[in-house]
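Read through the structure below, which is laid out as structure tokens, and then see the notes.
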Amino acid sequence: MVFYEVFVRAFYDSDGDGIGDLKGLIQKLPYIKSLGVNAIWLMPVFKSPSYHGYDVSDYYNINPEYGTNEDFENFINKAHELGIKVILDLVVNHTSSKHPWFLNADSSPKSKYRDYYIWATQDTKLNEPSALGTKQWYNKGSGFYNAIFGLRCRI
């Protein structure tokens with residue numbers, strides 16, 4: 001397979017608002033196909049408070065800046081008509097702090113979603129930077145939650 005990775009926001013703007021969108025991506029499918037591509041890897045497209053989309057707040061709805069769920073289904077259908085498969089960069093290892101699961105988990109230590117996240121009580125080590133040199137623990141009313149975004153690996 002020859003994959004083409006697409007960050008929708010930066011790809012092609014069909015409506016002139018300065019943000020790439022799914023309708024723009026649909027318009028460019030023949031061009032992508034002409035490059036010999038037979039698979040598209042979409043960076044996150046679900047609703048998110050960030051520009052990059054890696055902190056999903058709603059796994060059921062497309063980021064409205066990119067279009068609608070119907071636009072997404074249309075994109076999939078048009079890609080398949082051209083013999084192009086589609087995979088999603090589906091971020092399931094963490095959510096946005098605005099996601100309903102997180103908001104519920106933060107509401108009570110007894111929340112059924114509490115174990116979806118890593119929580120701690122105040123400890124001097126919580127203020128130390130992570131292995132990446134970035135802040136790792138964030139204070140909320142019900143405790144500190146771990147929000148390290150990436151891990152450093154040694155090979």
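Identifiers in the structure tokens: chain A, B, ... in order shown; residue index from 1 per chain; ligand index from 1 in order shown.
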
Taking 4 positions as the minimum chain separation for residues in the same chain, which residues sit within 7 Å of range 87-92 of chain A when counting only C-alpha atoms? Answer as a VMD selection string.
chain A and resid 40 to 44 54

Contacts of range 114-116 of chain A at 12 Å (only C-alpha atoms; same-chain gap of 5+ positions) as number ranges by chain
A: 92-95, 99-109, 142-146

Could you turn the residues from that selection into a file that holds all heavy atoms, as a short mmCIF file (atom, residue, chain, number, x, y, z; two decimals), in the first residue's frame?
```cif
data_model
loop_
_atom_site.label_atom_id
_atom_site.label_comp_id
_atom_site.auth_asym_id
_atom_site.auth_seq_id
_atom_site.Cartn_x
_atom_site.Cartn_y
_atom_site.Cartn_z
N VAL A 92 -7.05 6.82 21.27
CA VAL A 92 -7.83 6.23 22.37
C VAL A 92 -7.02 6.10 23.66
O VAL A 92 -7.55 5.68 24.68
CB VAL A 92 -8.43 4.86 21.99
CG1 VAL A 92 -9.45 5.01 20.89
CG2 VAL A 92 -7.34 3.88 21.59
N ASN A 93 -5.75 6.48 23.62
CA ASN A 93 -4.93 6.33 24.83
C ASN A 93 -5.08 7.50 25.79
O ASN A 93 -4.59 7.44 26.90
CB ASN A 93 -3.46 6.13 24.46
CG ASN A 93 -2.88 7.32 23.73
OD1 ASN A 93 -3.55 7.92 22.90
ND2 ASN A 93 -1.65 7.65 24.01
N HIS A 94 -5.75 8.57 25.38
CA HIS A 94 -6.05 9.68 26.28
C HIS A 94 -7.16 10.52 25.68
O HIS A 94 -7.42 10.46 24.49
CB HIS A 94 -4.81 10.53 26.58
CG HIS A 94 -4.22 11.19 25.38
ND1 HIS A 94 -3.33 10.54 24.58
CD2 HIS A 94 -4.40 12.41 24.84
CE1 HIS A 94 -2.96 11.35 23.60
NE2 HIS A 94 -3.60 12.49 23.73
N THR A 95 -7.81 11.30 26.52
CA THR A 95 -8.89 12.16 26.05
C THR A 95 -8.57 13.60 26.44
O THR A 95 -7.65 13.87 27.20
CB THR A 95 -10.23 11.80 26.72
OG1 THR A 95 -10.14 12.07 28.12
CG2 THR A 95 -10.60 10.35 26.50
N HIS A 99 -13.49 16.15 27.82
CA HIS A 99 -14.29 14.97 27.46
C HIS A 99 -15.22 14.61 28.64
O HIS A 99 -14.82 14.73 29.80
CB HIS A 99 -13.37 13.79 27.14
CG HIS A 99 -14.08 12.64 26.52
ND1 HIS A 99 -14.85 11.77 27.25
CD2 HIS A 99 -14.15 12.24 25.23
CE1 HIS A 99 -15.36 10.86 26.44
NE2 HIS A 99 -14.95 11.12 25.21
N PRO A 100 -16.45 14.17 28.37
CA PRO A 100 -17.37 13.81 29.46
C PRO A 100 -16.81 12.77 30.43
O PRO A 100 -17.09 12.84 31.63
CB PRO A 100 -18.60 13.27 28.73
CG PRO A 100 -18.56 13.91 27.39
CD PRO A 100 -17.10 14.08 27.06
N TRP A 101 -16.02 11.82 29.96
CA TRP A 101 -15.44 10.82 30.87
C TRP A 101 -14.54 11.51 31.88
O TRP A 101 -14.56 11.21 33.07
CB TRP A 101 -14.62 9.79 30.13
CG TRP A 101 -15.35 8.91 29.18
CD1 TRP A 101 -16.70 8.67 29.12
CD2 TRP A 101 -14.76 8.13 28.15
NE1 TRP A 101 -16.97 7.81 28.11
CE2 TRP A 101 -15.79 7.45 27.49
CE3 TRP A 101 -13.45 7.95 27.71
CZ2 TRP A 101 -15.56 6.60 26.43
CZ3 TRP A 101 -13.23 7.10 26.64
CH2 TRP A 101 -14.27 6.43 26.02
N PHE A 102 -13.66 12.41 31.39
CA PHE A 102 -12.74 13.09 32.30
C PHE A 102 -13.50 13.98 33.27
O PHE A 102 -13.20 14.00 34.47
CB PHE A 102 -11.70 13.91 31.54
CG PHE A 102 -10.72 14.55 32.46
CD1 PHE A 102 -9.62 13.84 32.92
CD2 PHE A 102 -10.90 15.85 32.92
CE1 PHE A 102 -8.72 14.41 33.80
CE2 PHE A 102 -10.01 16.43 33.80
CZ PHE A 102 -8.92 15.70 34.24
N LEU A 103 -14.46 14.73 32.77
CA LEU A 103 -15.24 15.62 33.64
C LEU A 103 -15.93 14.81 34.74
O LEU A 103 -15.96 15.23 35.91
CB LEU A 103 -16.25 16.41 32.82
CG LEU A 103 -15.63 17.41 31.83
CD1 LEU A 103 -16.70 17.99 30.93
CD2 LEU A 103 -14.86 18.50 32.55
N ASN A 104 -16.46 13.65 34.39
CA ASN A 104 -17.10 12.80 35.39
C ASN A 104 -16.06 12.24 36.36
O ASN A 104 -16.28 12.21 37.57
CB ASN A 104 -17.88 11.68 34.70
CG ASN A 104 -18.73 10.90 35.66
OD1 ASN A 104 -18.22 10.14 36.46
ND2 ASN A 104 -20.04 11.09 35.57
N ALA A 105 -14.93 11.80 35.84
CA ALA A 105 -13.87 11.24 36.69
C ALA A 105 -13.38 12.27 37.70
O ALA A 105 -13.07 11.94 38.85
CB ALA A 105 -12.70 10.75 35.84
N ASP A 106 -13.31 13.52 37.28
CA ASP A 106 -12.86 14.60 38.16
C ASP A 106 -13.91 14.99 39.20
O ASP A 106 -13.59 15.54 40.23
CB ASP A 106 -12.48 15.82 37.32
CG ASP A 106 -11.95 16.96 38.17
OD1 ASP A 106 -11.18 16.69 39.12
OD2 ASP A 106 -12.31 18.11 37.88
N SER A 107 -15.15 14.64 38.94
CA SER A 107 -16.23 15.06 39.84
C SER A 107 -16.22 14.33 41.17
O SER A 107 -16.73 14.83 42.16
CB SER A 107 -17.59 14.88 39.16
OG SER A 107 -17.91 13.49 39.05
N SER A 108 -15.62 13.12 41.19
CA SER A 108 -15.63 12.34 42.43
C SER A 108 -14.61 11.22 42.36
O SER A 108 -14.50 10.55 41.33
CB SER A 108 -17.01 11.72 42.64
OG SER A 108 -16.98 10.76 43.66
N PRO A 109 -13.90 10.96 43.46
CA PRO A 109 -12.99 9.80 43.49
C PRO A 109 -13.74 8.48 43.32
O PRO A 109 -13.14 7.46 43.01
CB PRO A 109 -12.34 9.89 44.87
CG PRO A 109 -12.43 11.34 45.23
CD PRO A 109 -13.74 11.80 44.64
N SER A 142 -10.27 17.36 42.68
CA SER A 142 -10.36 16.03 43.29
C SER A 142 -9.01 15.32 43.35
O SER A 142 -8.95 14.14 43.66
CB SER A 142 -11.36 15.19 42.52
OG SER A 142 -10.91 14.98 41.20
N GLY A 143 -7.93 15.99 43.01
CA GLY A 143 -6.61 15.38 43.05
C GLY A 143 -5.75 15.83 41.88
O GLY A 143 -6.11 16.76 41.16
N PHE A 144 -4.63 15.18 41.70
CA PHE A 144 -3.73 15.46 40.59
C PHE A 144 -3.92 14.39 39.53
O PHE A 144 -3.98 13.20 39.86
CB PHE A 144 -2.27 15.44 41.05
CG PHE A 144 -1.90 16.61 41.91
CD1 PHE A 144 -2.23 16.65 43.25
CD2 PHE A 144 -1.20 17.68 41.37
CE1 PHE A 144 -1.88 17.72 44.05
CE2 PHE A 144 -0.84 18.76 42.16
CZ PHE A 144 -1.18 18.79 43.50
N TYR A 145 -3.99 14.78 38.27
CA TYR A 145 -4.08 13.78 37.21
C TYR A 145 -2.82 13.83 36.36
O TYR A 145 -2.19 14.86 36.20
CB TYR A 145 -5.34 13.96 36.35
CG TYR A 145 -5.37 15.19 35.49
CD1 TYR A 145 -4.98 15.14 34.15
CD2 TYR A 145 -5.79 16.42 36.00
CE1 TYR A 145 -5.02 16.26 33.35
CE2 TYR A 145 -5.83 17.55 35.20
CZ TYR A 145 -5.44 17.46 33.88
OH TYR A 145 -5.47 18.58 33.09
N ASN A 146 -2.45 12.67 35.84
CA ASN A 146 -1.27 12.52 35.03
C ASN A 146 -1.64 12.85 33.58
O ASN A 146 -2.58 12.29 33.04
CB ASN A 146 -0.76 11.08 35.13
CG ASN A 146 0.54 10.88 34.40
OD1 ASN A 146 0.59 11.05 33.18
ND2 ASN A 146 1.57 10.51 35.11
#
```

Among A:Trp119, A:Tyr66, A:Asn139, A:Pro30, Asp17 in chain A is approached most closely, using only C-alpha atoms, by A:Tyr66

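Residues of chain A that DSSP, applied to the backbone, places in strand (DSSP E or B): A:Phe3, A:Tyr4, A:Glu5, A:Val6, A:Ala39, A:Ile40, A:Trp41, A:Leu42, A:Phe46, A:Lys47, A:Asp58, A:Tyr59, A:Tyr60, A:Asn61, A:Ile62, A:Lys85, A:Val86, A:Ile87, A:Leu88, A:Trp119, A:Ala120, A:Trp137, A:Tyr138, A:Asn139, A:Lys140, A:Gly143, A:Phe144, A:Tyr145, A:Asn146.
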
Limited to N, CA, C and O atoms, could you put the picked residues into a file as an mmCIF file, in the first residue's frame?
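Listing of again_4.cif after writing:
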```cif
data_model
loop_
_atom_site.group_PDB
_atom_site.id
_atom_site.type_symbol
_atom_site.label_atom_id
_atom_site.label_comp_id
_atom_site.auth_asym_id
_atom_site.auth_seq_id
_atom_site.Cartn_x
_atom_site.Cartn_y
_atom_site.Cartn_z
ATOM 1 N N PHE A 3 0.650 4.907 1.254
ATOM 2 C CA PHE A 3 -0.144 5.771 2.123
ATOM 3 C C PHE A 3 0.209 7.236 1.913
ATOM 4 O O PHE A 3 1.359 7.581 1.632
ATOM 5 N N TYR A 4 -0.796 8.071 2.082
ATOM 6 C CA TYR A 4 -0.639 9.521 2.057
ATOM 7 C C TYR A 4 -1.261 10.024 3.348
ATOM 8 O O TYR A 4 -2.454 9.843 3.573
ATOM 9 N N GLU A 5 -0.442 10.627 4.227
ATOM 10 C CA GLU A 5 -0.959 11.119 5.499
ATOM 11 C C GLU A 5 -1.517 12.526 5.301
ATOM 12 O O GLU A 5 -0.872 13.366 4.675
ATOM 13 N N VAL A 6 -2.710 12.760 5.833
ATOM 14 C CA VAL A 6 -3.365 14.055 5.654
ATOM 15 C C VAL A 6 -3.730 14.666 7.005
ATOM 16 O O VAL A 6 -4.406 14.045 7.821
ATOM 17 N N ALA A 39 -4.057 4.486 -0.249
ATOM 18 C CA ALA A 39 -4.520 4.523 1.140
ATOM 19 C C ALA A 39 -4.219 5.906 1.728
ATOM 20 O O ALA A 39 -3.158 6.470 1.491
ATOM 21 N N ILE A 40 -5.182 6.431 2.463
ATOM 22 C CA ILE A 40 -5.020 7.712 3.148
ATOM 23 C C ILE A 40 -5.051 7.469 4.650
ATOM 24 O O ILE A 40 -5.902 6.741 5.151
ATOM 25 N N TRP A 41 -4.103 8.077 5.336
ATOM 26 C CA TRP A 41 -4.044 8.031 6.799
ATOM 27 C C TRP A 41 -4.428 9.415 7.291
ATOM 28 O O TRP A 41 -3.685 10.380 7.111
ATOM 29 N N LEU A 42 -5.610 9.534 7.896
ATOM 30 C CA LEU A 42 -6.067 10.813 8.408
ATOM 31 C C LEU A 42 -5.574 11.044 9.823
ATOM 32 O O LEU A 42 -5.762 10.203 10.697
ATOM 33 N N PHE A 46 -11.768 14.040 14.861
ATOM 34 C CA PHE A 46 -12.903 14.149 15.773
ATOM 35 C C PHE A 46 -12.862 15.455 16.551
ATOM 36 O O PHE A 46 -11.835 16.136 16.617
ATOM 37 N N LYS A 47 -13.973 15.807 17.135
ATOM 38 C CA LYS A 47 -14.102 17.061 17.882
ATOM 39 C C LYS A 47 -13.024 17.128 18.969
ATOM 40 O O LYS A 47 -12.813 16.171 19.707
ATOM 41 N N ASP A 58 -14.869 14.360 21.807
ATOM 42 C CA ASP A 58 -16.088 13.671 21.359
ATOM 43 C C ASP A 58 -15.712 12.703 20.237
ATOM 44 O O ASP A 58 -15.416 13.130 19.122
ATOM 45 N N TYR A 59 -15.710 11.410 20.547
ATOM 46 C CA TYR A 59 -15.338 10.390 19.570
ATOM 47 C C TYR A 59 -16.438 10.095 18.560
ATOM 48 O O TYR A 59 -16.236 9.318 17.635
ATOM 49 N N TYR A 60 -17.602 10.691 18.716
ATOM 50 C CA TYR A 60 -18.734 10.392 17.840
ATOM 51 C C TYR A 60 -18.984 11.455 16.785
ATOM 52 O O TYR A 60 -19.796 11.247 15.886
ATOM 53 N N ASN A 61 -18.314 12.590 16.888
ATOM 54 C CA ASN A 61 -18.577 13.683 15.948
ATOM 55 C C ASN A 61 -17.300 14.265 15.379
ATOM 56 O O ASN A 61 -16.316 14.462 16.089
ATOM 57 N N ILE A 62 -17.364 14.561 14.089
ATOM 58 C CA ILE A 62 -16.255 15.177 13.372
ATOM 59 C C ILE A 62 -16.070 16.609 13.876
ATOM 60 O O ILE A 62 -17.045 17.299 14.189
ATOM 61 N N LYS A 85 -8.199 3.226 0.260
ATOM 62 C CA LYS A 85 -8.597 2.841 1.612
ATOM 63 C C LYS A 85 -8.282 3.997 2.567
ATOM 64 O O LYS A 85 -7.439 4.833 2.269
ATOM 65 N N VAL A 86 -8.958 4.018 3.703
ATOM 66 C CA VAL A 86 -8.764 5.094 4.674
ATOM 67 C C VAL A 86 -8.546 4.497 6.054
ATOM 68 O O VAL A 86 -9.284 3.596 6.465
ATOM 69 N N ILE A 87 -7.527 4.989 6.746
ATOM 70 C CA ILE A 87 -7.348 4.647 8.155
ATOM 71 C C ILE A 87 -7.327 5.952 8.940
ATOM 72 O O ILE A 87 -7.012 7.022 8.396
ATOM 73 N N LEU A 88 -7.698 5.857 10.209
ATOM 74 C CA LEU A 88 -7.766 7.020 11.081
ATOM 75 C C LEU A 88 -6.708 6.949 12.157
ATOM 76 O O LEU A 88 -6.446 5.880 12.707
ATOM 77 N N TRP A 119 -4.566 9.128 38.772
ATOM 78 C CA TRP A 119 -4.750 10.182 39.759
ATOM 79 C C TRP A 119 -3.791 9.969 40.918
ATOM 80 O O TRP A 119 -3.373 8.849 41.194
ATOM 81 N N ALA A 120 -3.472 11.040 41.596
ATOM 82 C CA ALA A 120 -2.614 10.971 42.782
ATOM 83 C C ALA A 120 -3.015 12.082 43.736
ATOM 84 O O ALA A 120 -3.654 13.058 43.348
ATOM 85 N N TRP A 137 2.003 16.341 35.954
ATOM 86 C CA TRP A 137 0.852 16.270 36.855
ATOM 87 C C TRP A 137 0.140 17.614 36.910
ATOM 88 O O TRP A 137 0.777 18.662 36.972
ATOM 89 N N TYR A 138 -1.181 17.565 36.886
ATOM 90 C CA TYR A 138 -1.989 18.781 36.911
ATOM 91 C C TYR A 138 -2.993 18.689 38.055
ATOM 92 O O TYR A 138 -3.621 17.646 38.260
ATOM 93 N N ASN A 139 -3.138 19.792 38.767
ATOM 94 C CA ASN A 139 -4.007 19.827 39.942
ATOM 95 C C ASN A 139 -5.452 20.093 39.533
ATOM 96 O O ASN A 139 -5.728 21.017 38.777
ATOM 97 N N LYS A 140 -6.337 19.272 40.020
ATOM 98 C CA LYS A 140 -7.777 19.476 39.878
ATOM 99 C C LYS A 140 -8.359 19.416 41.278
ATOM 100 O O LYS A 140 -7.709 19.007 42.220
ATOM 101 N N GLY A 143 -7.932 15.987 43.007
ATOM 102 C CA GLY A 143 -6.605 15.378 43.054
ATOM 103 C C GLY A 143 -5.754 15.833 41.882
ATOM 104 O O GLY A 143 -6.107 16.763 41.159
ATOM 105 N N PHE A 144 -4.628 15.176 41.697
ATOM 106 C CA PHE A 144 -3.734 15.464 40.586
ATOM 107 C C PHE A 144 -3.919 14.387 39.534
ATOM 108 O O PHE A 144 -3.979 13.203 39.855
ATOM 109 N N TYR A 145 -3.987 14.782 38.269
ATOM 110 C CA TYR A 145 -4.077 13.778 37.206
ATOM 111 C C TYR A 145 -2.815 13.827 36.357
ATOM 112 O O TYR A 145 -2.187 14.859 36.196
ATOM 113 N N ASN A 146 -2.454 12.673 35.845
ATOM 114 C CA ASN A 146 -1.268 12.519 35.026
ATOM 115 C C ASN A 146 -1.635 12.849 33.584
ATOM 116 O O ASN A 146 -2.578 12.291 33.043
#
```

Min atom-atom distance to Ile76 in chain A from the set A:Ala10, A:Leu22, A:Tyr51, A:Gln136, counting only C-alpha atoms, belongs to A:Leu22

According to DSSP computed on the backbone, where in range 33-102 of chain A is there alpha helix (DSSP H)? Give the residues as a PyMOL selection string.
chain A and resi 33-34+69-81+100-102

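In this model, the gap between CA of Arg9 in chain A and CA of Gly83 in chain A comes to 23.5 Å.
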